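Pasted below: start17.txt, compact mmCIF, C-alpha atoms and all ligand atoms.
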```
# COMPACT_ATOMS: atom_id res chain seq x y z
CA MET Z 183 -7.54 -46.50 -1.30
CA GLY Z 184 -8.66 -44.40 1.72
CA THR Z 185 -8.43 -40.62 1.79
CA VAL Z 186 -5.46 -39.03 3.58
CA PRO Z 187 -6.60 -37.70 7.01
CA THR Z 188 -6.58 -33.93 7.31
CA ARG Z 189 -3.54 -32.59 9.20
CA ILE Z 190 -3.50 -28.85 9.67
CA LEU Z 191 -0.73 -26.29 10.19
CA VAL Z 192 -1.81 -22.87 11.48
CA THR Z 193 0.66 -19.95 11.30
CA GLY Z 194 0.09 -16.86 13.47
CA ALA Z 195 -2.06 -19.09 15.68
CA LEU Z 196 -1.83 -16.90 18.80
CA GLY Z 197 -3.54 -13.91 17.20
CA GLN Z 198 -7.12 -12.67 17.27
CA ILE Z 199 -8.33 -15.10 14.60
CA GLY Z 200 -5.95 -17.98 15.35
CA THR Z 201 -7.07 -18.20 18.98
CA GLU Z 202 -10.60 -19.09 17.84
CA LEU Z 203 -9.85 -20.81 14.53
CA VAL Z 204 -7.54 -23.35 16.18
CA GLU Z 205 -10.28 -24.23 18.67
CA SER Z 206 -12.83 -24.74 15.88
CA LEU Z 207 -10.42 -26.78 13.76
CA GLN Z 208 -9.60 -28.96 16.78
CA ASN Z 209 -13.31 -29.53 17.39
CA LYS Z 210 -13.80 -30.46 13.76
CA TYR Z 211 -10.70 -32.55 13.01
CA GLY Z 212 -9.48 -33.63 16.48
CA HIS Z 213 -6.95 -32.04 18.79
CA GLN Z 214 -3.97 -34.00 17.45
CA SER Z 215 -4.69 -33.01 13.84
CA VAL Z 216 -4.02 -29.29 14.36
CA ILE Z 217 -0.47 -27.96 14.71
CA SER Z 218 -0.42 -24.40 16.10
CA THR Z 219 2.58 -22.20 15.33
CA ASP Z 220 3.48 -18.57 15.94
CA VAL Z 221 6.59 -16.40 16.08
CA ARG Z 222 5.71 -15.79 19.73
CA GLU Z 223 6.35 -18.48 22.31
CA SER Z 224 3.48 -20.11 24.14
CA GLU Z 225 2.73 -23.49 25.63
CA GLY Z 226 1.20 -25.91 23.13
CA CYS Z 227 2.32 -23.77 20.20
CA ILE Z 228 5.43 -24.47 18.10
CA GLN Z 229 7.61 -21.42 17.54
CA LEU Z 230 7.73 -20.69 13.80
CA ASP Z 231 8.72 -17.47 12.03
CA VAL Z 232 7.19 -17.54 8.55
CA MET Z 233 10.43 -15.98 7.26
CA ASP Z 234 12.07 -19.34 7.99
CA ALA Z 235 11.29 -21.23 4.78
CA LYS Z 236 13.21 -24.35 5.79
CA LYS Z 237 11.41 -24.73 9.11
CA ILE Z 238 8.03 -24.38 7.36
CA GLU Z 239 8.99 -27.22 5.00
CA ASP Z 240 10.38 -29.38 7.81
CA LEU Z 241 7.18 -29.02 9.82
CA ILE Z 242 4.95 -29.81 6.84
CA GLN Z 243 7.02 -32.91 6.06
CA THR Z 244 7.46 -34.28 9.58
CA LYS Z 245 3.86 -33.61 10.67
CA GLY Z 246 2.28 -34.87 7.42
CA ILE Z 247 0.45 -31.58 6.84
CA THR Z 248 -2.36 -31.54 4.25
CA ASP Z 249 -3.92 -28.09 4.91
CA ILE Z 250 -2.38 -24.77 5.95
CA TYR Z 251 -4.22 -21.82 7.51
CA HIS Z 252 -1.76 -18.95 7.14
CA LEU Z 253 -2.67 -16.22 9.62
CA ALA Z 254 0.77 -14.72 10.34
CA ALA Z 255 0.79 -11.09 9.23
CA LEU Z 256 1.13 -7.48 10.35
CA LEU Z 257 -2.18 -5.58 10.32
CA SER Z 258 -2.79 -2.10 8.95
CA ALA Z 259 -1.86 0.19 11.85
CA THR Z 260 1.27 -1.76 12.84
CA GLY Z 261 2.11 -2.30 9.18
CA GLU Z 262 2.00 1.40 8.27
CA LYS Z 263 4.37 2.15 11.16
CA ASN Z 264 6.87 -0.34 9.72
CA PRO Z 265 6.12 -0.78 6.01
CA ASP Z 266 9.29 -2.75 5.17
CA LEU Z 267 8.61 -5.32 7.85
CA CYS Z 268 4.95 -5.45 6.81
CA TRP Z 269 6.00 -6.23 3.23
CA LYS Z 270 8.48 -8.86 4.40
CA ILE Z 271 6.09 -10.75 6.65
CA ASN Z 272 2.93 -10.37 4.55
CA VAL Z 273 4.47 -10.98 1.10
CA ASP Z 274 7.80 -12.81 1.57
CA GLY Z 275 6.33 -14.90 4.40
CA LEU Z 276 3.35 -15.81 2.22
CA VAL Z 277 5.65 -16.74 -0.68
CA ASN Z 278 7.52 -19.11 1.68
CA VAL Z 279 4.26 -20.75 2.70
CA ILE Z 280 3.03 -21.04 -0.90
CA SER Z 281 6.33 -22.64 -2.04
CA ALA Z 282 6.13 -25.20 0.75
CA ALA Z 283 2.43 -25.89 0.05
CA LYS Z 284 3.25 -26.42 -3.61
CA LYS Z 285 6.15 -28.78 -2.84
CA TYR Z 286 4.11 -30.95 -0.46
CA GLY Z 287 0.68 -30.70 -2.17
CA CYS Z 288 -1.08 -28.82 0.66
CA ARG Z 289 -4.28 -26.79 0.41
CA LEU Z 290 -3.84 -23.23 1.66
CA PHE Z 291 -6.17 -20.70 3.29
CA SER Z 292 -4.71 -17.19 3.37
CA PRO Z 293 -6.91 -14.26 4.50
CA SER Z 294 -7.34 -11.11 2.51
CA SER Z 295 -9.02 -7.97 3.87
CA ILE Z 296 -11.34 -5.07 3.08
CA ALA Z 297 -8.02 -3.17 3.03
CA VAL Z 298 -7.56 -4.28 -0.62
CA PHE Z 299 -9.97 -1.47 -1.56
CA GLY Z 300 -8.86 2.11 -1.99
CA PRO Z 301 -10.57 5.53 -2.15
CA ASP Z 302 -11.65 4.95 -5.77
CA CYS Z 303 -13.83 1.97 -4.78
CA PRO Z 304 -17.63 2.52 -4.55
CA LYS Z 305 -18.72 2.98 -0.91
CA HIS Z 306 -20.63 -0.32 -1.20
CA ALA Z 307 -17.72 -2.43 -2.45
CA PRO Z 308 -18.47 -4.90 -5.24
CA GLN Z 309 -16.55 -8.17 -5.56
CA VAL Z 310 -14.91 -7.06 -8.79
CA THR Z 311 -13.56 -3.52 -8.90
CA GLY Z 312 -10.19 -1.77 -9.18
CA LEU Z 313 -7.98 -2.63 -6.19
CA ASN Z 314 -5.93 0.49 -5.46
CA PRO Z 315 -5.27 0.60 -1.72
CA THR Z 316 -3.30 3.46 -0.19
CA THR Z 317 -1.86 1.40 2.69
CA VAL Z 318 1.14 -0.93 2.39
CA TYR Z 319 -0.94 -3.49 4.27
CA GLY Z 320 -3.66 -3.28 1.60
CA LYS Z 321 -1.10 -3.66 -1.18
CA THR Z 322 0.29 -6.83 0.43
CA LYS Z 323 -3.25 -8.24 0.53
CA VAL Z 324 -3.80 -7.47 -3.18
CA ILE Z 325 -0.59 -9.36 -3.95
CA GLY Z 326 -1.79 -12.25 -1.79
CA GLU Z 327 -4.97 -12.48 -3.87
CA HIS Z 328 -2.97 -12.47 -7.13
CA LEU Z 329 -0.67 -15.18 -5.80
CA ALA Z 330 -3.69 -17.29 -4.88
CA MET Z 331 -4.83 -17.31 -8.49
CA SER Z 332 -1.39 -17.71 -10.10
CA SER Z 333 0.34 -20.19 -7.79
CA GLU Z 334 -1.25 -23.35 -9.25
CA ILE Z 335 -2.25 -24.71 -5.85
CA ASP Z 336 -5.60 -24.96 -4.08
CA MET Z 337 -5.36 -21.59 -2.33
CA ARG Z 338 -8.39 -19.69 -1.02
CA GLY Z 339 -9.05 -16.45 0.84
CA LEU Z 340 -11.69 -14.18 2.32
CA ARG Z 341 -11.69 -10.41 2.44
CA TYR Z 342 -12.44 -10.29 6.15
CA PRO Z 343 -14.10 -7.09 7.40
CA GLY Z 344 -13.00 -5.70 10.79
CA LEU Z 345 -13.42 -8.61 13.18
CA ILE Z 346 -15.01 -8.26 16.62
CA SER Z 347 -14.27 -10.85 19.29
CA TRP Z 348 -13.75 -11.29 23.02
CA LYS Z 349 -11.36 -14.27 23.39
CA ALA Z 350 -8.18 -12.51 22.20
CA PRO Z 351 -7.25 -8.85 21.73
CA ALA Z 352 -7.28 -7.26 18.27
CA GLY Z 353 -3.82 -7.28 16.72
CA GLY Z 354 -2.88 -3.76 15.62
CA GLY Z 355 -5.44 -2.90 12.96
CA THR Z 356 -7.52 0.17 12.14
CA THR Z 357 -10.74 -1.59 13.14
CA ASP Z 358 -9.40 -2.37 16.65
CA TYR Z 359 -11.62 0.40 18.09
CA ALA Z 360 -14.62 -1.87 17.59
CA VAL Z 361 -13.05 -4.36 20.03
CA GLU Z 362 -11.38 -1.93 22.46
CA ILE Z 363 -14.64 -0.03 23.00
CA PHE Z 364 -16.24 -3.02 24.76
CA HIS Z 365 -13.38 -3.43 27.23
CA ALA Z 366 -13.36 0.31 27.94
CA ALA Z 367 -17.16 0.45 28.33
CA LEU Z 368 -17.04 -2.27 30.98
CA SER Z 369 -13.91 -1.15 32.84
CA GLU Z 370 -14.02 2.68 32.55
CA GLY Z 371 -17.52 3.52 31.36
CA HIS Z 372 -15.76 5.67 28.75
CA TYR Z 373 -13.81 5.21 25.49
CA ASN Z 374 -11.64 7.70 23.63
CA CYS Z 375 -12.02 6.60 20.03
CA PHE Z 376 -9.25 7.12 17.45
CA VAL Z 377 -11.67 7.57 14.54
CA ARG Z 378 -14.60 9.99 14.09
CA GLU Z 379 -18.12 9.22 15.29
CA ASP Z 380 -19.46 9.04 11.71
CA THR Z 381 -16.80 6.54 10.55
CA GLN Z 382 -18.58 3.60 8.98
CA LEU Z 383 -16.80 0.34 8.14
CA PRO Z 384 -17.71 -3.24 7.27
CA MET Z 385 -17.50 -5.39 10.43
CA MET Z 386 -18.12 -9.00 11.37
CA TYR Z 387 -18.45 -11.06 14.53
CA MET Z 388 -15.72 -13.69 14.94
CA ASP Z 389 -18.28 -16.52 15.05
CA ASP Z 390 -19.40 -15.59 11.53
CA ALA Z 391 -15.78 -15.21 10.33
CA ILE Z 392 -14.74 -18.64 11.62
CA ARG Z 393 -17.83 -20.25 10.13
CA ALA Z 394 -17.13 -18.54 6.78
CA THR Z 395 -13.57 -19.87 6.85
CA LEU Z 396 -14.64 -23.45 7.51
CA GLU Z 397 -17.44 -23.26 4.95
CA LEU Z 398 -15.12 -21.92 2.27
CA MET Z 399 -12.59 -24.67 2.95
CA ASP Z 400 -15.37 -27.31 2.82
CA THR Z 401 -16.46 -26.21 -0.65
CA PRO Z 402 -15.28 -28.38 -3.56
CA PHE Z 403 -12.54 -26.60 -5.49
CA ASP Z 404 -14.47 -26.85 -8.78
CA SER Z 405 -17.35 -24.76 -7.37
CA LEU Z 406 -15.07 -21.78 -6.77
CA GLY Z 407 -14.59 -19.19 -9.48
CA THR Z 408 -12.18 -16.33 -10.10
CA SER Z 409 -12.84 -14.70 -6.69
CA ARG Z 410 -11.22 -17.66 -4.90
CA GLY Z 411 -8.24 -15.54 -3.76
CA GLY Z 412 -10.42 -13.13 -1.81
CA TYR Z 413 -14.19 -13.39 -1.51
CA ASN Z 414 -16.09 -10.37 -0.23
CA ILE Z 415 -18.06 -11.43 2.85
CA ALA Z 416 -20.39 -9.00 4.58
CA GLY Z 417 -21.33 -9.19 8.24
CA CYS Z 418 -22.83 -5.84 9.17
CA SER Z 419 -21.83 -2.24 8.70
CA PHE Z 420 -22.19 0.56 11.24
CA THR Z 421 -20.77 3.90 12.37
CA VAL Z 422 -19.00 4.32 15.71
CA GLY Z 423 -21.98 6.42 16.80
CA GLU Z 424 -24.31 3.50 16.12
CA LEU Z 425 -21.99 1.15 18.02
CA VAL Z 426 -21.98 3.52 21.04
CA TYR Z 427 -25.79 3.69 20.92
CA SER Z 428 -26.07 -0.10 20.85
CA ILE Z 429 -23.70 -0.45 23.84
CA GLN Z 430 -25.76 2.16 25.73
CA ARG Z 431 -28.77 -0.21 25.53
CA HIS Z 432 -26.87 -2.22 28.19
CA ILE Z 433 -24.73 0.51 29.82
CA PRO Z 434 -26.76 3.76 29.64
CA GLU Z 435 -24.03 5.80 31.40
CA PHE Z 436 -21.35 4.80 28.81
CA THR Z 437 -19.75 7.77 27.03
CA CYS Z 438 -17.39 8.02 24.07
CA SER Z 439 -15.10 10.86 22.97
CA PHE Z 440 -13.40 11.17 19.60
CA GLU Z 441 -9.78 12.00 18.91
CA PRO Z 442 -8.96 10.88 15.35
CA ASP Z 443 -5.35 9.93 14.61
CA VAL Z 444 -3.60 8.61 11.48
CA ARG Z 445 -5.84 5.52 11.48
CA GLN Z 446 -8.71 7.81 10.40
CA ASN Z 447 -6.97 8.07 7.00
CA TYR Z 448 -6.88 4.30 6.58
CA ALA Z 449 -10.53 3.98 7.62
CA ASP Z 450 -11.54 6.76 5.20
CA SER Z 451 -9.81 4.94 2.34
CA TRP Z 452 -11.91 1.78 2.87
CA PRO Z 453 -15.53 1.18 1.81
CA ASP Z 454 -18.53 1.57 4.14
CA SER Z 455 -20.04 -1.79 3.30
CA ILE Z 456 -19.49 -4.91 1.21
CA GLU Z 457 -21.41 -6.66 -1.57
CA ASP Z 458 -21.05 -10.41 -1.02
CA ASP Z 459 -23.27 -11.78 -3.80
CA VAL Z 460 -20.50 -13.98 -5.26
CA ALA Z 461 -19.75 -15.73 -1.94
CA ARG Z 462 -23.48 -16.27 -1.39
CA LYS Z 463 -23.87 -17.79 -4.86
CA GLU Z 464 -20.70 -19.92 -5.02
CA TRP Z 465 -20.58 -21.38 -1.51
CA GLY Z 466 -23.77 -20.31 0.25
CA TRP Z 467 -22.41 -17.57 2.54
CA ILE Z 468 -25.00 -16.06 4.94
CA PRO Z 469 -24.04 -13.92 7.99
CA LYS Z 470 -25.85 -14.46 11.29
CA PHE Z 471 -24.79 -11.54 13.53
CA ASP Z 472 -26.12 -7.98 13.20
CA LEU Z 473 -24.85 -5.06 15.32
CA ASP Z 474 -27.16 -5.54 18.32
CA LYS Z 475 -26.53 -9.30 18.39
CA ILE Z 476 -22.76 -8.69 18.38
CA VAL Z 477 -23.04 -6.15 21.21
CA ASP Z 478 -25.27 -8.44 23.30
CA ASP Z 479 -22.86 -11.37 22.92
CA MET Z 480 -19.68 -9.32 23.48
CA LEU Z 481 -20.95 -7.74 26.71
CA GLU Z 482 -22.37 -11.02 27.99
CA ASN Z 483 -19.01 -12.78 27.50
CA LEU Z 484 -16.74 -9.96 28.70
CA LYS Z 485 -18.72 -9.25 31.91
P1 LIG K 1 -3.11 -10.81 14.81
O1 LIG K 1 -2.17 -9.68 14.70
O2 LIG K 1 -4.04 -10.86 15.95
O3 LIG K 1 -2.32 -12.19 14.76
C1 LIG K 1 -1.25 -12.40 13.88
C2 LIG K 1 -0.31 -13.38 14.52
O4 LIG K 1 0.82 -13.52 13.64
C3 LIG K 1 0.25 -12.91 15.87
O5 LIG K 1 0.01 -13.88 16.87
C4 LIG K 1 1.75 -12.71 15.63
O6 LIG K 1 2.55 -13.09 16.73
C5 LIG K 1 1.97 -13.63 14.44
N1 LIG K 1 3.15 -13.25 13.65
C6 LIG K 1 3.58 -12.01 13.34
N2 LIG K 1 4.72 -12.09 12.62
C7 LIG K 1 4.97 -13.40 12.44
C8 LIG K 1 5.99 -14.12 11.78
N3 LIG K 1 7.02 -13.50 11.19
N4 LIG K 1 5.95 -15.47 11.77
C9 LIG K 1 4.94 -16.12 12.43
N5 LIG K 1 3.95 -15.49 13.09
C10 LIG K 1 3.97 -14.14 13.08
O7 LIG K 1 -3.93 -10.88 13.43
P2 LIG K 1 -5.33 -11.56 13.14
O8 LIG K 1 -6.37 -10.55 13.39
O9 LIG K 1 -5.43 -12.87 13.79
O10 LIG K 1 -5.21 -11.71 11.56
C11 LIG K 1 -4.87 -12.91 10.92
C12 LIG K 1 -4.98 -12.70 9.41
O11 LIG K 1 -6.29 -12.23 9.08
C13 LIG K 1 -4.02 -11.64 8.86
O12 LIG K 1 -3.61 -12.04 7.57
C14 LIG K 1 -4.87 -10.41 8.75
O13 LIG K 1 -4.39 -9.53 7.77
C15 LIG K 1 -6.20 -11.01 8.37
N6 LIG K 1 -7.32 -10.12 8.69
C16 LIG K 1 -7.66 -9.86 9.98
C17 LIG K 1 -8.72 -9.01 10.24
C18 LIG K 1 -9.15 -8.69 11.63
O14 LIG K 1 -9.99 -7.79 11.83
N7 LIG K 1 -8.64 -9.37 12.65
C19 LIG K 1 -9.43 -8.42 9.18
C20 LIG K 1 -9.03 -8.68 7.89
C21 LIG K 1 -7.98 -9.55 7.64
C1 LIG K 2 -7.14 -3.89 10.11
O1 LIG K 2 -7.85 -2.98 10.56
O2 LIG K 2 -5.97 -3.74 9.74
C2 LIG K 2 -7.77 -5.25 9.97
C3 LIG K 2 -8.32 -5.42 8.58
C4 LIG K 2 -9.64 -4.85 8.27
O3 LIG K 2 -7.67 -5.96 7.74
N1 LIG K 2 -8.76 -5.43 10.96
```
Re-express the file's structure as structure tokens.
Amino acid sequence: MGTVPTRILVTGALGQIGTELVESLQNKYGHQSVISTDVRESEGCIQLDVMDAKKIEDLIQTKGITDIYHLAALLSATGEKNPDLCWKINVDGLVNVISAAKKYGCRLFSPSSIAVFGPDCPKHAPQVTGLNPTTVYGKTKVIGEHLAMSSEIDMRGLRYPGLISWKAPAGGGTTDYAVEIFHAALSEGHYNCFVREDTQLPMMYMDDAIRATLELMDTPFDSLGTSRGGYNIAGCSFTVGELVYSIQRHIPEFTCSFEPDVRQNYADSWPDSIEDDVARKEWGWIPKFDLDKIVDDMLENLK
């Protein structure tokens, strides 16, 4: 008997990650094998609200879906402005997707985040530590990781750091400054940053994040241990000051001012850097982009 061909459903496909993940999945599995969905309308994308459990099931059944990449969510800054909605989309929406995956035997990728960590976490965050986030967004991600391990399906996740990319805008997170700064540097020569100059967070270039996602999903289930719901993956870690300095290698006249808002509190509650020894050991994770390489590539592509 032959193996069933991979047919993929992506939720939240129009977002920062979905824009690039869909492209990579299409390159890997063929254009027709990837069904893009989002609550927003766009050509080539099926409109799907992840609160609509029946429509999720209908799509999985009619399209013969084998794998789901569940990207629909509210990020930290938007989520803290509307915690009830954040809980609904990030937890109830995920539960809908898990139920459908279980019913139709689908594999499921559902991202976690460095937001699972709270102020009690060591500044270099280990894989296994207490998860006591202060944000609602972080709490929804902790629940997502628990559901991955308790739902009796093949469900996997990565604790993505702040992601930096140029193809789509960042979607309402605390780490958005690390994307916005490039656009401002090129268009205005100046950026007014909403966190302090010494704020240091774990970050990653989108190319590394997409590759990590595909590599995790390519790993045999039996090789994955108890971190399957949310592997720490490190890219690089830098302060805003260091990011400004790296951009000034290309644009010496670029300036940055600092006017911290409520997002400073979320950033301060997260670790500075990430220990990714378990991902390296279990499925061979190795990042490729350091700060200067990210900056070179971002400016080259945005110019
Ligand atoms: P994004 O905000 O750019 O995209 C999310 C997409 O979900 C949007 O296109 C939005 O329209 C859609 N959406 C919102 N509500 C929906 C609903 N009810 N039904 C269907 N679609 C809905 O986010 P992203 O950066 O692409 O993040 C994707 C996932 O990765 C999220 O789970 C996020 O928490 C996680 N993550 C992202 C980052 C990052 O830096 N981008 C870091 C860590 C974790
Ligand atoms: C956010 O800032 O909310 C996201 C994340 C780190 O989860 N980029």
Check which residues fall inside 6 Å of ligand LIG 1 (chain K) when counting all atoms listed in the file, and print them as an MDAnalysis selection string. chainID Z and resid 193:200 220:222 230:233 253:257 271 293:295 342:345 352:353
Dump as a PDB file, in the frame of the given file, selection limited to C-alpha atoms:
```
ATOM      1  CA  THR Z 193       0.660 -19.950  11.300  1.00  0.00           C
ATOM      2  CA  GLY Z 194       0.090 -16.860  13.470  1.00  0.00           C
ATOM      3  CA  ALA Z 195      -2.060 -19.090  15.680  1.00  0.00           C
ATOM      4  CA  LEU Z 196      -1.830 -16.900  18.800  1.00  0.00           C
ATOM      5  CA  GLY Z 197      -3.540 -13.910  17.200  1.00  0.00           C
ATOM      6  CA  GLN Z 198      -7.120 -12.670  17.270  1.00  0.00           C
ATOM      7  CA  ILE Z 199      -8.330 -15.100  14.600  1.00  0.00           C
ATOM      8  CA  GLY Z 200      -5.950 -17.980  15.350  1.00  0.00           C
ATOM      9  CA  ASP Z 220       3.480 -18.570  15.940  1.00  0.00           C
ATOM     10  CA  VAL Z 221       6.590 -16.400  16.080  1.00  0.00           C
ATOM     11  CA  ARG Z 222       5.710 -15.790  19.730  1.00  0.00           C
ATOM     12  CA  LEU Z 230       7.730 -20.690  13.800  1.00  0.00           C
ATOM     13  CA  ASP Z 231       8.720 -17.470  12.030  1.00  0.00           C
ATOM     14  CA  VAL Z 232       7.190 -17.540   8.550  1.00  0.00           C
ATOM     15  CA  MET Z 233      10.430 -15.980   7.260  1.00  0.00           C
ATOM     16  CA  LEU Z 253      -2.670 -16.220   9.620  1.00  0.00           C
ATOM     17  CA  ALA Z 254       0.770 -14.720  10.340  1.00  0.00           C
ATOM     18  CA  ALA Z 255       0.790 -11.090   9.230  1.00  0.00           C
ATOM     19  CA  LEU Z 256       1.130  -7.480  10.350  1.00  0.00           C
ATOM     20  CA  LEU Z 257      -2.180  -5.580  10.320  1.00  0.00           C
ATOM     21  CA  ILE Z 271       6.090 -10.750   6.650  1.00  0.00           C
ATOM     22  CA  PRO Z 293      -6.910 -14.260   4.500  1.00  0.00           C
ATOM     23  CA  SER Z 294      -7.340 -11.110   2.510  1.00  0.00           C
ATOM     24  CA  SER Z 295      -9.020  -7.970   3.870  1.00  0.00           C
ATOM     25  CA  TYR Z 342     -12.440 -10.290   6.150  1.00  0.00           C
ATOM     26  CA  PRO Z 343     -14.100  -7.090   7.400  1.00  0.00           C
ATOM     27  CA  GLY Z 344     -13.000  -5.700  10.790  1.00  0.00           C
ATOM     28  CA  LEU Z 345     -13.420  -8.610  13.180  1.00  0.00           C
ATOM     29  CA  ALA Z 352      -7.280  -7.260  18.270  1.00  0.00           C
ATOM     30  CA  GLY Z 353      -3.820  -7.280  16.720  1.00  0.00           C
TER      31      GLY Z 353
END
```
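Taking only C-alpha atoms and all ligand atoms into account, ligand LIG 2 (chain K) lies nearest to Z:Thr317 out of the set Z:Thr408, Z:Thr188, Z:Gln214, Z:Thr317.
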In terms of the shortest atom-to-atom distance over only C-alpha atoms and all ligand atoms, which of Z:Asn447, Z:Ser439, Z:Asn314, Z:Asn374 is closest to ligand LIG 2 (chain K)?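 With only C-alpha atoms and all ligand atoms as the atom set, the closest residue is Z:Asn447.
As for atom CA of Asp474 of chain Z and atom CA of Arg431 of chain Z, they are spaced 9.1 Å apart.
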Considering all atoms listed in the file, can you say which of Z:Met480, Z:Val279, Z:Ala391, Z:Leu396 comes closest to Ser333 of chain Z?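 The shortest atom-to-atom distance to Ser333 of chain Z comes from Z:Val279.
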Got a sec: who's within 9 Å of segment 413-424 of chain Z, counting all atoms listed in the file, leaving out chain neighbours fewer than 2 positions off, as a VMD selection string? chain Z and resid 294 to 296 307 to 309 338 to 343 359 to 360 375 377 to 387 390 to 391 394 409 to 411 426 to 429 438 454 to 462 467 to 473
For the residues in that selection, give me C-alpha atoms as a short mmCIF file (atom, residue, chain, number, x, y, z; two decimals), keeping the file's coordinate frame.
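Wrote it out as selection_24.cif, contents follow:
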```cif
data_model
loop_
_atom_site.label_atom_id
_atom_site.label_comp_id
_atom_site.auth_asym_id
_atom_site.auth_seq_id
_atom_site.Cartn_x
_atom_site.Cartn_y
_atom_site.Cartn_z
CA SER Z 294 -7.34 -11.11 2.51
CA SER Z 295 -9.02 -7.97 3.87
CA ILE Z 296 -11.34 -5.07 3.08
CA ALA Z 307 -17.72 -2.43 -2.45
CA PRO Z 308 -18.47 -4.90 -5.24
CA GLN Z 309 -16.55 -8.17 -5.56
CA ARG Z 338 -8.39 -19.69 -1.02
CA GLY Z 339 -9.05 -16.45 0.84
CA LEU Z 340 -11.69 -14.18 2.32
CA ARG Z 341 -11.69 -10.41 2.44
CA TYR Z 342 -12.44 -10.29 6.15
CA PRO Z 343 -14.10 -7.09 7.40
CA TYR Z 359 -11.62 0.40 18.09
CA ALA Z 360 -14.62 -1.87 17.59
CA CYS Z 375 -12.02 6.60 20.03
CA VAL Z 377 -11.67 7.57 14.54
CA ARG Z 378 -14.60 9.99 14.09
CA GLU Z 379 -18.12 9.22 15.29
CA ASP Z 380 -19.46 9.04 11.71
CA THR Z 381 -16.80 6.54 10.55
CA GLN Z 382 -18.58 3.60 8.98
CA LEU Z 383 -16.80 0.34 8.14
CA PRO Z 384 -17.71 -3.24 7.27
CA MET Z 385 -17.50 -5.39 10.43
CA MET Z 386 -18.12 -9.00 11.37
CA TYR Z 387 -18.45 -11.06 14.53
CA ASP Z 390 -19.40 -15.59 11.53
CA ALA Z 391 -15.78 -15.21 10.33
CA ALA Z 394 -17.13 -18.54 6.78
CA SER Z 409 -12.84 -14.70 -6.69
CA ARG Z 410 -11.22 -17.66 -4.90
CA GLY Z 411 -8.24 -15.54 -3.76
CA VAL Z 426 -21.98 3.52 21.04
CA TYR Z 427 -25.79 3.69 20.92
CA SER Z 428 -26.07 -0.10 20.85
CA ILE Z 429 -23.70 -0.45 23.84
CA CYS Z 438 -17.39 8.02 24.07
CA ASP Z 454 -18.53 1.57 4.14
CA SER Z 455 -20.04 -1.79 3.30
CA ILE Z 456 -19.49 -4.91 1.21
CA GLU Z 457 -21.41 -6.66 -1.57
CA ASP Z 458 -21.05 -10.41 -1.02
CA ASP Z 459 -23.27 -11.78 -3.80
CA VAL Z 460 -20.50 -13.98 -5.26
CA ALA Z 461 -19.75 -15.73 -1.94
CA ARG Z 462 -23.48 -16.27 -1.39
CA TRP Z 467 -22.41 -17.57 2.54
CA ILE Z 468 -25.00 -16.06 4.94
CA PRO Z 469 -24.04 -13.92 7.99
CA LYS Z 470 -25.85 -14.46 11.29
CA PHE Z 471 -24.79 -11.54 13.53
CA ASP Z 472 -26.12 -7.98 13.20
CA LEU Z 473 -24.85 -5.06 15.32
#
```
Using only C-alpha atoms, give me every residue within 7 Å of (-11.8, -5.6, 23.0) in file coordinates, as a PyMOL selection string. chain Z and resi 347-348+351-352+361-365
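Here atom CA of Leu425 of chain Z and atom CA of Ile476 of chain Z stand 9.9 Å from one another.
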Would you work out the distance separating atom CA of Glu464 of chain Z from atom CA of Phe403 of chain Z, expressed in Å to one decimal?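 Rounded to one decimal, the two atoms are 10.6 Å apart.
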Which one is closest to Glu370 of chain Z: Z:Ser332, Z:Thr316, Z:Thr437, Z:Ser405? Count all atoms listed in the file.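 Ranking Z:Ser332, Z:Thr316, Z:Thr437, Z:Ser405 by distance to Glu370 of chain Z, first place goes to Z:Thr437.
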For Phe440 of chain Z, which residue out of Z:Phe376, Z:Lys463, Z:Ile238, Z:Cys288 is the nearest one, using all atoms listed in the file?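 Ranking Z:Phe376, Z:Lys463, Z:Ile238, Z:Cys288 by distance to Phe440 of chain Z, first place goes to Z:Phe376.
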Enclose the full set of atoms of segment 265-281 of chain Z listed in the file within a box whose edges lie along x, y and z, apply 4 Å of padding to each of the six sides, and report centre and edge lengths in Å to one decimal as JSON.
```
{"center_x": 6.1, "center_y": -11.7, "center_z": 2.9, "size_x": 14.4, "size_y": 29.9, "size_z": 17.9}
```
